[in-house]
$ cat run_2.cif   # mmCIF, C-alpha atoms and all ligand atoms
data_final
loop_
_atom_site.label_atom_id
_atom_site.label_comp_id
_atom_site.auth_asym_id
_atom_site.auth_seq_id
_atom_site.Cartn_x
_atom_site.Cartn_y
_atom_site.Cartn_z
CA MET A 209 87.04 143.81 90.05
CA SER A 210 90.17 144.69 92.01
CA GLU A 211 90.89 142.86 95.26
CA ASP A 212 90.49 146.10 97.21
CA ARG A 213 87.02 146.72 95.80
CA LEU A 214 86.04 143.07 96.44
CA THR A 215 87.09 143.36 100.04
CA ASP A 216 85.08 146.57 100.40
CA THR A 217 81.92 144.83 99.31
CA ILE A 218 82.26 141.81 101.59
CA LYS A 219 80.04 141.71 104.65
CA PRO A 220 81.65 141.28 108.05
CA THR A 221 82.19 137.74 109.37
CA VAL A 222 79.06 137.72 111.51
CA GLU A 223 76.95 138.48 108.48
CA LEU A 224 78.57 135.57 106.56
CA ILE A 225 77.83 133.20 109.45
CA ARG A 226 74.23 134.42 109.63
CA ARG A 227 73.74 133.89 105.93
CA LYS A 228 75.14 130.37 106.08
CA ARG A 229 72.96 129.70 109.13
CA ASP A 230 69.95 130.74 107.05
CA GLY A 231 70.92 128.37 104.25
CA GLN A 232 72.22 130.93 101.75
CA ALA A 233 75.15 130.28 99.43
CA LEU A 234 78.32 132.34 99.90
CA SER A 235 80.35 133.62 96.95
CA GLU A 236 83.95 132.71 96.11
CA ALA A 237 85.15 136.14 97.28
CA GLU A 238 83.29 135.75 100.59
CA LEU A 239 84.69 132.27 101.28
CA GLN A 240 88.19 133.40 100.32
CA HIS A 241 87.89 136.38 102.63
CA LEU A 242 86.65 134.23 105.52
CA LEU A 243 89.50 131.74 105.16
CA ARG A 244 92.15 134.42 104.71
CA GLU A 245 90.97 136.35 107.75
CA PHE A 246 90.80 133.09 109.74
CA GLU A 247 94.37 132.30 108.73
CA MET A 248 95.47 135.78 109.82
CA GLY A 249 93.77 135.40 113.20
CA ASN A 250 91.09 138.03 112.47
CA VAL A 251 88.23 135.52 112.69
CA LEU A 252 87.65 134.13 116.17
CA ASP A 253 87.77 130.36 116.72
CA SER A 254 84.19 130.67 118.02
CA GLN A 255 83.12 132.33 114.77
CA MET A 256 84.79 129.69 112.61
CA SER A 257 83.22 126.95 114.73
CA ALA A 258 79.80 128.57 114.25
CA PHE A 259 80.44 128.73 110.51
CA ALA A 260 81.44 125.01 110.51
CA MET A 261 78.25 124.12 112.41
CA ALA A 262 76.09 126.18 110.05
CA THR A 263 77.75 124.40 107.11
CA CYS A 264 77.25 121.04 108.78
CA ILE A 265 73.51 121.69 109.14
CA ARG A 266 72.80 123.67 105.96
CA GLY A 267 75.33 122.07 103.61
CA MET A 268 76.92 123.84 100.63
CA THR A 269 76.29 123.99 96.92
CA ALA A 270 78.81 122.26 94.63
CA GLU A 271 80.09 125.73 93.69
CA GLU A 272 80.63 126.70 97.34
CA THR A 273 82.40 123.39 98.03
CA TYR A 274 84.74 124.11 95.11
CA CYS A 275 85.38 127.68 96.31
CA LEU A 276 86.04 126.56 99.90
CA THR A 277 88.43 123.86 98.65
CA LYS A 278 90.24 126.42 96.48
CA ALA A 279 90.57 128.86 99.37
CA MET A 280 91.94 126.14 101.65
CA LEU A 281 94.35 124.90 98.96
CA GLU A 282 95.56 128.44 98.32
CA SER A 283 96.26 128.95 102.03
CA GLY A 284 99.37 126.80 101.45
CA LYS A 285 101.87 125.75 98.82
CA THR A 286 101.63 123.18 96.06
CA ILE A 287 104.33 120.94 94.60
CA GLU A 288 105.60 121.89 91.17
CA TRP A 289 106.87 118.92 89.15
CA ASP A 290 109.67 119.31 86.66
CA SER A 291 108.65 116.69 84.10
CA SER A 292 105.58 115.29 82.46
CA THR A 293 105.63 112.01 84.41
CA SER A 294 102.12 111.38 85.71
CA VAL A 295 101.51 112.23 89.36
CA VAL A 296 98.66 110.25 90.91
CA ASP A 297 97.32 109.44 94.36
CA LYS A 298 94.73 107.39 96.19
CA HIS A 299 92.80 108.44 99.29
CA SER A 300 90.75 106.33 101.65
CA THR A 301 88.07 107.89 103.83
CA GLY A 302 89.20 105.53 106.59
CA GLY A 303 88.22 102.13 107.83
CA VAL A 304 89.13 99.28 110.17
CA GLY A 305 92.14 97.22 109.08
CA ASP A 306 92.63 99.37 105.99
CA LYS A 307 96.30 99.01 105.15
CA ALA A 308 95.76 99.19 101.37
CA SER A 309 97.72 102.45 100.91
CA LEU A 310 100.90 100.65 102.04
CA LEU A 311 100.49 98.40 98.99
CA ILE A 312 98.97 100.78 96.46
CA ALA A 313 101.60 103.58 96.59
CA PRO A 314 104.54 101.26 95.78
CA LEU A 315 102.45 99.20 93.34
CA LEU A 316 101.67 102.36 91.35
CA ALA A 317 105.32 103.47 91.51
CA SER A 318 106.32 100.11 90.02
CA PHE A 319 104.56 101.25 86.81
CA GLY A 320 106.56 104.46 86.58
CA VAL A 321 104.03 106.99 87.91
CA ARG A 322 104.79 109.31 90.83
CA VAL A 323 102.89 108.99 94.10
CA PRO A 324 103.44 111.75 96.71
CA MET A 325 100.88 110.30 99.12
CA ILE A 326 99.90 112.82 101.82
CA SER A 327 98.20 110.73 104.50
CA GLY A 328 96.64 111.15 107.91
CA ARG A 329 96.62 109.67 111.38
CA GLY A 330 93.96 107.54 113.00
CA LEU A 331 90.65 109.33 113.54
CA GLY A 332 88.23 107.86 116.08
CA ILE A 333 87.72 104.17 115.29
CA THR A 334 89.51 104.29 111.94
CA GLY A 335 93.24 103.67 111.66
CA GLY A 336 95.70 106.05 110.00
CA THR A 337 98.38 105.15 107.46
CA LEU A 338 100.97 107.32 109.23
CA ASP A 339 100.42 105.53 112.56
CA LYS A 340 100.90 102.19 110.82
CA LEU A 341 104.15 103.33 109.21
CA GLU A 342 105.43 104.84 112.46
CA SER A 343 105.34 101.34 113.97
CA ILE A 344 108.51 100.83 111.89
CA PRO A 345 111.37 102.07 114.10
CA GLY A 346 112.99 105.24 112.72
CA PHE A 347 110.28 105.99 110.13
CA ASN A 348 109.88 109.73 109.57
CA CYS A 349 106.65 111.00 108.06
CA SER A 350 107.33 114.73 108.60
CA LEU A 351 108.85 115.71 105.27
CA SER A 352 109.05 119.20 103.76
CA LEU A 353 107.58 119.72 100.31
CA GLU A 354 111.12 119.74 98.85
CA ALA A 355 111.94 116.45 100.58
CA ILE A 356 108.68 114.91 99.32
CA GLN A 357 109.49 116.05 95.82
CA SER A 358 113.04 114.72 95.77
CA ALA A 359 112.11 111.39 97.40
CA VAL A 360 109.34 110.88 94.85
CA GLN A 361 111.68 111.73 92.02
CA ALA A 362 114.18 109.17 93.33
CA ASN A 363 111.88 106.28 94.21
CA GLY A 364 108.48 107.01 92.70
CA CYS A 365 106.54 107.13 95.98
CA ILE A 366 106.48 108.46 99.53
CA ILE A 367 103.88 108.45 102.27
CA ALA A 368 104.06 111.51 104.54
CA GLY A 369 101.93 113.79 106.67
CA ALA A 370 100.64 117.24 105.73
CA THR A 371 103.21 119.82 106.84
CA ASP A 372 102.53 123.45 107.78
CA GLU A 373 103.18 124.34 104.15
CA ILE A 374 100.23 122.23 102.96
CA ALA A 375 96.74 123.74 103.39
CA PRO A 376 97.41 125.35 106.81
CA ALA A 377 93.80 126.60 106.88
CA ASP A 378 92.62 122.98 106.88
CA ARG A 379 94.82 122.11 109.84
CA LYS A 380 93.40 125.04 111.82
CA LEU A 381 89.80 124.40 110.82
CA TYR A 382 90.08 120.64 111.36
CA SER A 383 91.21 121.11 114.97
CA LEU A 384 88.03 123.17 115.60
CA ARG A 385 85.79 120.66 113.79
CA ASP A 386 87.26 117.84 115.83
CA VAL A 387 86.03 119.40 119.11
CA THR A 388 82.76 120.94 117.91
CA GLY A 389 80.98 117.94 116.38
CA THR A 390 81.45 119.29 112.87
CA VAL A 391 83.57 116.60 111.24
CA ALA A 392 80.59 114.87 109.59
CA SER A 393 79.83 117.36 106.82
CA ILE A 394 80.28 116.41 103.17
CA PRO A 395 81.46 119.86 101.97
CA LEU A 396 83.84 120.21 104.93
CA ILE A 397 85.21 116.68 104.44
CA THR A 398 85.56 117.28 100.69
CA SER A 399 87.45 120.55 101.08
CA SER A 400 89.61 119.13 103.85
CA ILE A 401 90.66 116.03 101.91
CA LEU A 402 91.09 117.77 98.57
CA SER A 403 92.98 120.81 99.85
CA LYS A 404 95.74 118.38 100.89
CA LYS A 405 95.55 116.02 97.91
CA LEU A 406 95.43 118.83 95.33
CA ALA A 407 98.56 120.37 96.91
CA GLU A 408 100.38 117.37 95.40
CA ASN A 409 99.43 118.77 91.98
CA PRO A 410 98.19 115.39 90.74
CA GLN A 411 96.94 114.46 87.30
CA ALA A 412 94.53 111.85 88.67
CA LEU A 413 93.07 110.85 92.03
CA ILE A 414 91.12 107.81 93.14
CA PHE A 415 89.02 107.68 96.31
CA ASP A 416 88.18 104.65 98.41
CA VAL A 417 84.94 105.78 100.05
CA LYS A 418 84.22 103.32 102.82
CA CYS A 419 80.66 102.44 103.75
CA GLY A 420 79.39 100.58 106.82
CA THR A 421 79.63 100.41 110.58
CA GLY A 422 83.46 100.48 110.51
CA THR A 423 83.57 104.04 109.12
CA SER A 424 81.78 107.39 109.21
CA MET A 425 79.55 106.84 106.13
CA LEU A 426 76.99 104.38 107.44
CA THR A 427 74.71 104.18 104.40
CA LEU A 428 75.30 103.69 100.69
CA GLU A 429 73.44 106.94 100.05
CA ALA A 430 75.79 108.93 102.33
CA ALA A 431 78.87 107.24 100.81
CA ARG A 432 77.61 108.01 97.30
CA ASP A 433 77.04 111.67 98.23
CA LEU A 434 80.61 111.99 99.53
CA ALA A 435 82.00 110.13 96.50
CA THR A 436 80.09 112.44 94.14
CA SER A 437 81.25 115.55 95.98
CA LEU A 438 84.92 114.46 95.83
CA VAL A 439 84.81 113.48 92.16
CA THR A 440 82.87 116.53 90.91
CA THR A 441 85.05 118.94 92.89
CA CYS A 442 88.17 117.37 91.32
CA LYS A 443 86.65 117.98 87.90
CA ARG A 444 86.50 121.72 88.65
CA PHE A 445 90.27 121.58 89.25
CA ASN A 446 90.82 119.64 85.99
CA VAL A 447 92.00 116.61 87.93
CA LYS A 448 90.74 113.23 86.69
CA ALA A 449 89.03 111.33 89.47
CA LYS A 450 87.04 108.24 90.29
CA ALA A 451 85.58 106.97 93.56
CA ILE A 452 84.96 103.36 94.45
CA ILE A 453 82.64 102.69 97.39
CA THR A 454 83.87 99.69 99.38
CA ASP A 455 82.30 97.65 102.14
CA MET A 456 83.27 98.35 105.74
CA GLU A 457 80.89 95.90 107.47
CA GLN A 458 83.97 93.75 108.12
CA PRO A 459 87.66 94.65 108.43
CA LEU A 460 89.81 94.80 105.31
CA GLY A 461 92.18 91.83 105.42
CA THR A 462 92.76 90.03 108.69
CA ALA A 463 94.87 92.27 110.97
CA ILE A 464 93.81 95.44 112.82
CA GLY A 465 96.62 97.23 114.65
CA ASN A 466 99.60 99.22 113.49
CA ALA A 467 102.62 96.87 113.34
CA ALA A 468 100.35 93.88 112.60
CA GLU A 469 98.98 95.71 109.56
CA VAL A 470 102.48 96.48 108.26
CA ARG A 471 103.26 92.77 108.69
CA GLU A 472 100.13 91.88 106.71
CA ALA A 473 101.23 94.24 103.93
CA LEU A 474 104.64 92.50 103.86
CA LEU A 475 102.94 89.10 103.67
CA THR A 476 100.89 90.41 100.75
CA PHE A 477 104.06 91.40 98.85
CA HIS A 478 105.19 87.80 99.44
CA GLY A 479 102.01 86.41 97.86
CA SER A 480 100.28 85.38 101.11
CA GLY A 481 97.94 88.35 101.51
CA PRO A 482 94.21 88.08 102.27
CA ALA A 483 92.11 87.87 99.09
CA ASP A 484 90.00 90.98 99.83
CA LEU A 485 93.08 93.14 100.44
CA VAL A 486 94.74 91.91 97.23
CA HIS A 487 91.52 92.52 95.28
CA LEU A 488 91.17 96.05 96.63
CA ALA A 489 94.82 97.03 96.13
CA THR A 490 95.02 95.72 92.55
CA THR A 491 91.63 97.18 91.55
CA PHE A 492 92.53 100.66 92.81
CA ALA A 493 95.98 100.61 91.19
CA PHE A 494 94.55 99.34 87.88
CA GLU A 495 91.78 101.97 87.81
CA LEU A 496 94.09 104.82 88.78
CA LEU A 497 96.67 103.88 86.14
CA LYS A 498 93.82 103.87 83.61
CA LEU A 499 92.73 107.36 84.75
CA ALA A 500 96.32 108.53 84.23
CA GLY A 501 96.23 107.18 80.66
CA LYS A 502 98.22 103.98 81.32
CA GLU A 503 96.29 100.97 80.04
CA ILE A 504 98.10 98.20 81.96
CA PRO A 505 96.53 94.70 81.78
CA PHE A 506 94.95 93.78 85.12
CA ASN A 507 97.11 90.62 85.31
CA ASP A 508 100.27 92.73 85.08
CA VAL A 509 99.07 94.89 87.98
CA THR A 510 98.34 91.75 90.02
CA ALA A 511 101.75 90.31 89.11
CA ASN A 512 103.68 93.40 90.24
CA LEU A 513 102.08 93.20 93.69
CA THR A 514 103.83 89.91 94.44
CA ASN A 515 106.79 89.61 92.02
CA GLY A 516 109.07 91.92 93.99
CA HIS A 517 108.55 95.09 91.93
CA ALA A 518 106.11 96.79 94.34
CA GLN A 519 108.02 95.43 97.33
CA ASN A 520 111.27 97.00 96.07
CA HIS A 521 109.57 100.41 95.93
CA PHE A 522 108.06 99.87 99.39
CA GLU A 523 111.42 98.94 100.93
CA ALA A 524 113.22 101.82 99.22
CA MET A 525 110.52 104.23 100.45
CA ILE A 526 110.81 103.01 104.05
CA GLU A 527 114.62 103.22 103.94
CA LYS A 528 114.56 106.71 102.40
CA GLN A 529 112.26 107.86 105.24
CA GLY A 530 114.59 106.40 107.89
CA GLY A 531 112.60 103.27 108.74
CA ARG A 532 114.28 100.03 109.79
CA LEU A 533 111.94 97.29 108.61
CA CYS A 534 114.14 94.60 110.13
CA GLN A 535 113.22 96.05 113.55
CA LEU A 536 109.44 95.97 112.98
CA PRO A 537 108.01 94.76 116.33
CA ALA A 538 106.91 91.14 116.59
CA ILE A 539 103.22 90.49 117.30
CA HIS A 540 102.34 87.91 119.99
CA TRP A 541 98.92 86.48 119.16
CA THR A 542 96.56 84.59 121.46
CA PRO A 543 93.99 82.78 119.27
CA LEU A 544 90.21 82.79 119.63
CA ILE A 545 88.91 79.27 118.93
CA ALA A 546 85.38 78.56 117.69
CA THR A 547 83.28 76.57 120.16
CA GLN A 548 80.25 76.24 117.87
CA GLU A 549 79.77 75.58 114.20
CA GLY A 550 77.80 77.66 111.75
CA TYR A 551 78.38 80.58 109.42
CA LEU A 552 79.86 83.99 110.17
CA GLU A 553 76.82 86.24 109.88
CA SER A 554 78.12 89.67 110.94
CA VAL A 555 81.10 91.49 112.41
CA ALA A 556 80.66 94.50 114.72
CA THR A 557 83.34 96.37 112.78
CA GLY A 558 83.00 99.74 114.49
CA ASP A 559 83.27 97.99 117.87
CA LEU A 560 86.49 96.32 116.69
CA GLY A 561 87.89 99.77 115.91
CA SER A 562 86.89 101.02 119.37
CA LEU A 563 88.34 97.90 121.00
CA LEU A 564 91.72 98.53 119.36
CA VAL A 565 91.67 102.11 120.68
CA ARG A 566 90.85 100.85 124.21
CA MET A 567 93.64 98.28 123.96
CA GLY A 568 96.07 101.18 123.35
CA GLY A 569 96.38 100.78 119.56
CA GLY A 570 94.64 104.10 118.79
CA ARG A 571 94.28 107.52 120.42
CA GLN A 572 91.64 108.27 123.06
CA HIS A 573 92.65 111.95 122.88
CA PRO A 574 94.85 113.98 120.49
CA GLY A 575 98.55 113.51 121.17
CA ALA A 576 98.12 110.23 123.09
CA THR A 577 100.82 107.65 122.42
CA ILE A 578 99.97 104.46 120.58
CA ASP A 579 101.18 100.95 121.36
CA PRO A 580 102.03 99.63 117.87
CA THR A 581 102.19 96.01 119.03
CA VAL A 582 98.60 95.53 120.21
CA ALA A 583 96.33 94.05 117.57
CA ILE A 584 93.14 92.20 116.73
CA ALA A 585 92.75 89.60 113.98
CA VAL A 586 89.52 88.42 112.38
CA ALA A 587 90.38 85.26 110.49
CA LYS A 588 86.99 84.64 108.83
CA LYS A 589 84.87 86.60 106.38
CA ILE A 590 81.10 87.02 106.50
CA GLY A 591 79.53 83.92 104.90
CA ASP A 592 82.47 81.60 105.79
CA LYS A 593 81.60 78.18 107.19
CA ILE A 594 82.88 77.80 110.76
CA ASN A 595 83.77 74.44 112.31
CA LYS A 596 84.33 73.82 116.01
CA GLY A 597 88.05 74.28 116.74
CA ASP A 598 88.63 76.76 113.88
CA VAL A 599 90.67 79.87 114.65
CA LEU A 600 88.09 82.69 114.48
CA GLY A 601 90.54 85.45 115.25
CA ALA A 602 93.19 86.53 117.74
CA ILE A 603 94.27 89.23 120.16
CA ALA A 604 97.76 90.61 120.64
CA HIS A 605 97.92 92.21 124.08
CA PRO A 606 99.85 91.36 127.29
CA SER A 607 96.46 90.64 129.00
CA ALA A 608 94.55 89.10 126.11
CA LYS A 609 91.80 87.19 127.99
CA PRO A 610 89.11 89.90 128.49
CA TYR A 611 89.69 91.20 124.99
CA LEU A 612 89.26 87.69 123.54
CA ASN A 613 85.83 87.57 125.19
CA GLU A 614 84.94 90.94 123.70
CA LEU A 615 86.17 89.85 120.26
CA ASN A 616 84.03 86.72 120.52
CA GLU A 617 80.93 88.86 121.20
CA MET A 618 81.64 90.97 118.13
CA LEU A 619 81.48 87.98 115.77
CA THR A 620 77.94 86.67 115.22
CA ILE A 621 77.73 83.05 114.12
CA SER A 622 74.45 81.77 112.74
CA SER A 623 73.31 78.23 112.06
CA THR A 624 71.96 79.17 108.63
CA PRO A 625 74.19 80.02 105.65
CA THR A 626 74.85 83.73 105.08
CA ASP A 627 75.84 85.25 101.74
CA PRO A 628 79.37 86.66 101.46
CA ARG A 629 79.43 90.46 101.12
CA PRO A 630 80.76 92.01 97.91
CA LEU A 631 83.76 94.24 98.61
CA ILE A 632 82.89 96.79 95.92
CA MET A 633 79.51 98.45 96.43
CA GLY A 634 79.57 100.98 93.59
CA THR A 635 81.62 103.47 91.63
CA VAL A 636 81.30 107.18 90.85
CA ASP A 637 82.96 108.62 87.73
CA GLN A 638 83.28 112.19 86.55
N1 LIG B 701 90.02 113.32 106.54
C1 LIG B 701 90.40 114.59 106.36
O1 LIG B 701 91.51 114.90 105.99
N2 LIG B 701 89.49 115.57 106.62
C2 LIG B 701 88.23 115.30 107.02
O2 LIG B 701 87.46 116.20 107.20
C3 LIG B 701 87.86 113.95 107.20
C4 LIG B 701 88.78 112.98 106.94
#
$ encode --input "run_2.cif" --output "structure tokens"
Amino acid sequence: MSEDRLTDTIKPTVELIRRKRDGQALSEAELQHLLREFEMGNVLDSQMSAFAMATCIRGMTAEETYCLTKAMLESGKTIEWDSSTSVVDKHSTGGVGDKASLLIAPLLASFGVRVPMISGRGLGITGGTLDKLESIPGFNCSLSLEAIQSAVQANGCIIAGATDEIAPADRKLYSLRDVTGTVASIPLITSSILSKKLAENPQALIFDVKCGTGTSMLTLEAARDLATSLVTTCKRFNVKAKAIITDMEQPLGTAIGNAAEVREALLTFHGSGPADLVHLATTFAFELLKLAGKEIPFNDVTANLTNGHAQNHFEAMIEKQGGRLCQLPAIHWTPLIATQEGYLESVATGDLGSLLVRMGGGRQHPGATIDPTVAIAVAKKIGDKINKGDVLGAIAHPSAKPYLNELNEMLTISSTPTDPRPLIMGTVDQ
């Protein structure tokens, strides 16, 4: 059917919204039309918001999710690679203290694959990789597609933001979702994430789907649904994919806060990283290399994290993007000392994320500036034995005292032993 005839048969926007409201599935041509008209300014913001709300409530079939993703992807450009070197990427759905991308991109590059990592900023209580990197003076994350391509060809990896060339329909739709309570929809999240990741033209993708109070997927069931949607949609695009669901009932690693998290990543390259962060970074790199057809022994992946190979790629990436690591701000910690003994039973992880935002380390409204030097540390993991006088955590803020009290309230210590929590809660394959 010619495009003209297709367009003739498509119902007006109001009719599409009504049908979605009534739980009906829209066709590929209808979704493409809606997105194209939205891009051209012929669909009102109010109409697109109503469509997002209808989708949020009614959901979408797997076929619709694929078609929406395709339409969003096709609203922008994709990177064309000039050789057969594998292009891979990892995406995290966002958590508290999640600095793993800073390690994983260079670790992957150290095995000769290309990683054009398009990342995002902090959203609500969850931190953003770009905000962490921008705590490095001079770091530029606004690269054109050509600049991304040439930097990746030179050094193997970059971490940058989505430009206007990448899925512009997502940018426009996301800004409406953000203010209309329509972020929490699995098809909308899937199409939003994948329209940007697929623009990298990758061979394989791995997803870290976070689950727990420190992220938006609160239950294992919800996390599994999102993981399944991401992985099955990738399959429709012939991109190999795997999702690993990881625990977000406690922060990843120790530090929460932009410059502090970059410092923790640097410590990890030097072999002094927290065990959970090392485990997560090496597991994701190992699994993604396997998806891309590179069977690297797990021990070799672990070795490259701390033997200088990954660090060299990290430093070259920062330098290429204008960052001056030697000027990374210092963090001035005030410790929180345990006054009782017992076992760490739980961590109010979402509250830690909100506390960082209130301390100035995240945005209370879009466009707000971030103080990269404020930070929170949680030095213990759930199940750890606590003795009086132990350092439980720390606050980095010019007026630390009230925040130390808040941090103390967020860590529940029990007199009976508590089991440690496994980091990996499940996997979803294609
Ligand atoms: N990240 C995105 O890029 N989009 C979403 O919808 C949610 C998280």
$ closest_residue --input "run_2.cif" --among "A:Thr454, A:Gln255, A:Ser300, A:Asn613" --to "ligand LIG 701 (chain B)" --atoms "only C-alpha atoms and all ligand atoms"
A:Ser300
$ residues_around --input "run_2.cif" --residues "Leu460 of chain A" --least-positions-apart "2" --cutoff "7 Å" --atoms "only C-alpha atoms" --output "list in words"
Val304, Gly305, Asp306, Gln458, Thr462, Asp484 and Leu485 of chain A
$ write_last_selection --input "run_2.cif" --atoms "C-alpha atoms" --output "PDB file, in the frame of the given file"
ATOM      1  CA  VAL A 304      89.130  99.280 110.170  1.00  0.00           C
ATOM      2  CA  GLY A 305      92.140  97.220 109.080  1.00  0.00           C
ATOM      3  CA  ASP A 306      92.630  99.370 105.990  1.00  0.00           C
ATOM      4  CA  GLN A 458      83.970  93.750 108.120  1.00  0.00           C
ATOM      5  CA  THR A 462      92.760  90.030 108.690  1.00  0.00           C
ATOM      6  CA  ASP A 484      90.000  90.980  99.830  1.00  0.00           C
ATOM      7  CA  LEU A 485      93.080  93.140 100.440  1.00  0.00           C
TER       8      LEU A 485
END
$ residues_near_ligand --input "run_2.cif" --ligand "ligand LIG 701 (chain B)" --cutoff "7 Å" --atoms "all atoms listed in the file" --output "ChimeraX atom specification"
/A:301,328,382,391,396-398,400-401
$ closest_residue --input "run_2.cif" --among "A:Leu311, A:Ala585, A:Leu252, A:Ala233" --to "Thr476 of chain A" --atoms "all atoms listed in the file"
A:Leu311
$ residues_around --input "run_2.cif" --residues "Leu234 of chain A" --least-positions-apart "5" --cutoff "9 Å" --atoms "all atoms listed in the file" --output "number ranges by chain"
A: 224, 227-228, 239, 268, 272
$ residues_around --input "run_2.cif" --residues "segment 534-547 of chain A" --least-positions-apart "4" --cutoff "8 Å" --atoms "all atoms listed in the file" --output "VMD selection string"
chain A and resid 343 to 345 467 to 468 580 to 583 594 to 605 608 612 616
$ closest_residue --input "run_2.cif" --among "A:Gly332, A:Gly369, A:Gly284, A:Gly531" --to "Leu563 of chain A" --atoms "only C-alpha atoms"
A:Gly332
$ atom_distance --input "run_2.cif" --atom1 "atom CA of Glu614 of chain A" --atom2 "atom CA of Lys589 of chain A"
17.9 Å
$ atom_distance --input "run_2.cif" --atom1 "atom CA of Gln548 of chain A" --atom2 "atom CA of Leu619 of chain A"
12.0 Å
$ atom_distance --input "run_2.cif" --atom1 "atom CA of Ile414 of chain A" --atom2 "atom CA of Lys450 of chain A"
5.0 Å
$ closest_atom_pairs --input "run_2.cif" --of "segment 230-334 of chain A" --to "segment 499-516 of chain A" --cutoff "12 Å" --atoms "all atoms listed in the file" --output "tab-separated table"
residue	atom	partner	partner_atom	distance
A:Ser292	CA	A:Ala500	CA	11.6
A:Thr293	CA	A:Ala500	CA	9.9
A:Ser294	CA	A:Ala500	CA	6.6
A:Val295	CA	A:Ala500	CA	8.2
A:Val296	CA	A:Ala500	CA	7.3
A:Asp297	CA	A:Ala500	CA	10.2
A:Lys298	CA	A:Leu499	CA	11.6
A:Ala308	CA	A:Leu513	CA	11.6
A:Leu310	CA	A:Leu513	CA	11.3
A:Leu311	CA	A:Leu513	CA	7.6
A:Ile312	CA	A:Leu513	CA	8.6
A:Ala313	CA	A:Leu513	CA	10.8
A:Pro314	CA	A:Leu513	CA	8.7
A:Leu315	CA	A:Leu513	CA	6.0
A:Leu316	CA	A:Val509	CA	8.6
A:Ala317	CA	A:Asn512	CA	10.3
A:Ser318	CA	A:Asn512	CA	7.2
A:Phe319	CA	A:Val509	CA	8.5
A:Gly320	CA	A:Lys502	CA	9.9
A:Val321	CA	A:Ala500	CA	8.7
A:Arg322	CA	A:Ala500	CA	10.8
A:Val323	CA	A:Ala500	CA	11.9
$ residues_near_point --input "run_2.cif" --point "(116.6, 108.5, 110.3)" --cutoff "9 Å" --atoms "only C-alpha atoms" --output "mmCIF file with C-alpha atoms, keeping the file's coordinate frame"
data_model
loop_
_atom_site.group_PDB
_atom_site.id
_atom_site.type_symbol
_atom_site.label_atom_id
_atom_site.label_comp_id
_atom_site.auth_asym_id
_atom_site.auth_seq_id
_atom_site.Cartn_x
_atom_site.Cartn_y
_atom_site.Cartn_z
ATOM 1 C CA GLY A 346 112.990 105.240 112.720
ATOM 2 C CA PHE A 347 110.280 105.990 110.130
ATOM 3 C CA ASN A 348 109.880 109.730 109.570
ATOM 4 C CA GLU A 527 114.620 103.220 103.940
ATOM 5 C CA LYS A 528 114.560 106.710 102.400
ATOM 6 C CA GLN A 529 112.260 107.860 105.240
ATOM 7 C CA GLY A 530 114.590 106.400 107.890
ATOM 8 C CA GLY A 531 112.600 103.270 108.740
ATOM 9 C CA ARG A 532 114.280 100.030 109.790
#
$ residues_around --input "run_2.cif" --residues "Asp592 of chain A" --least-positions-apart "2" --cutoff "9 Å" --atoms "all atoms listed in the file" --output "PDB file with C-alpha atoms, in the coordinates of the input"
ATOM      1  CA  GLY A 550      77.800  77.660 111.750  1.00  0.00           C
ATOM      2  CA  TYR A 551      78.380  80.580 109.420  1.00  0.00           C
ATOM      3  CA  LEU A 552      79.860  83.990 110.170  1.00  0.00           C
ATOM      4  CA  GLU A 553      76.820  86.240 109.880  1.00  0.00           C
ATOM      5  CA  LYS A 588      86.990  84.640 108.830  1.00  0.00           C
ATOM      6  CA  LYS A 589      84.870  86.600 106.380  1.00  0.00           C
ATOM      7  CA  ILE A 590      81.100  87.020 106.500  1.00  0.00           C
ATOM      8  CA  ILE A 594      82.880  77.800 110.760  1.00  0.00           C
ATOM      9  CA  PRO A 625      74.190  80.020 105.650  1.00  0.00           C
ATOM     10  CA  THR A 626      74.850  83.730 105.080  1.00  0.00           C
ATOM     11  CA  ASP A 627      75.840  85.250 101.740  1.00  0.00           C
ATOM     12  CA  PRO A 628      79.370  86.660 101.460  1.00  0.00           C
TER      13      PRO A 628
END
$ closest_residue --input "run_2.cif" --among "A:Glu247, A:Glu408, A:Asp230, A:Asp339" --to "Glu288 of chain A" --atoms "all atoms listed in the file"
A:Glu408
$ closest_residue --input "run_2.cif" --among "A:Glu429, A:Glu469, A:Glu617, A:Asp637" --to "Thr337 of chain A" --atoms "all atoms listed in the file"
A:Glu469
$ axis_aligned_box --input "run_2.cif" --around "segment 470-480 of chain A" --padding-each-side "8 Å" --output "AutoDock Vina command-line options"
--center_x 102.7 --center_y 90.9 --center_z 103.3 --size_x 21.1 --size_y 27.1 --size_z 26.8
$ closest_residue --input "run_2.cif" --among "A:Val222, A:Thr635, A:Gly231, A:Asp433" --to "Met256 of chain A" --atoms "only C-alpha atoms"
A:Val222
$ residues_around --input "run_2.cif" --residues "Ala392 of chain A" --least-positions-apart "5" --cutoff "10 Å" --atoms "only C-alpha atoms" --output "compact mmCIF listing (two decimals) with C-alpha atoms, in the frame of the given file"
# COMPACT_ATOMS: atom_id res chain seq x y z
CA MET A 261 78.25 124.12 112.41
CA CYS A 264 77.25 121.04 108.78
CA ILE A 265 73.51 121.69 109.14
CA ARG A 385 85.79 120.66 113.79
CA ASP A 386 87.26 117.84 115.83
CA ILE A 397 85.21 116.68 104.44
CA SER A 424 81.78 107.39 109.21
CA MET A 425 79.55 106.84 106.13
$ decode --input "run_2.cif" --residues "segment 288-293 of chain A" --atoms "C-alpha atoms" --output "compact mmCIF listing (two decimals), in the first residue's frame"
# COMPACT_ATOMS: atom_id res chain seq x y z
CA GLU A 288 26.44 3.81 10.62
CA TRP A 289 29.64 1.93 11.46
CA ASP A 290 32.31 1.36 8.86
CA SER A 291 33.67 -2.00 10.02
CA SER A 292 32.49 -5.25 11.47
CA THR A 293 33.82 -4.55 14.98
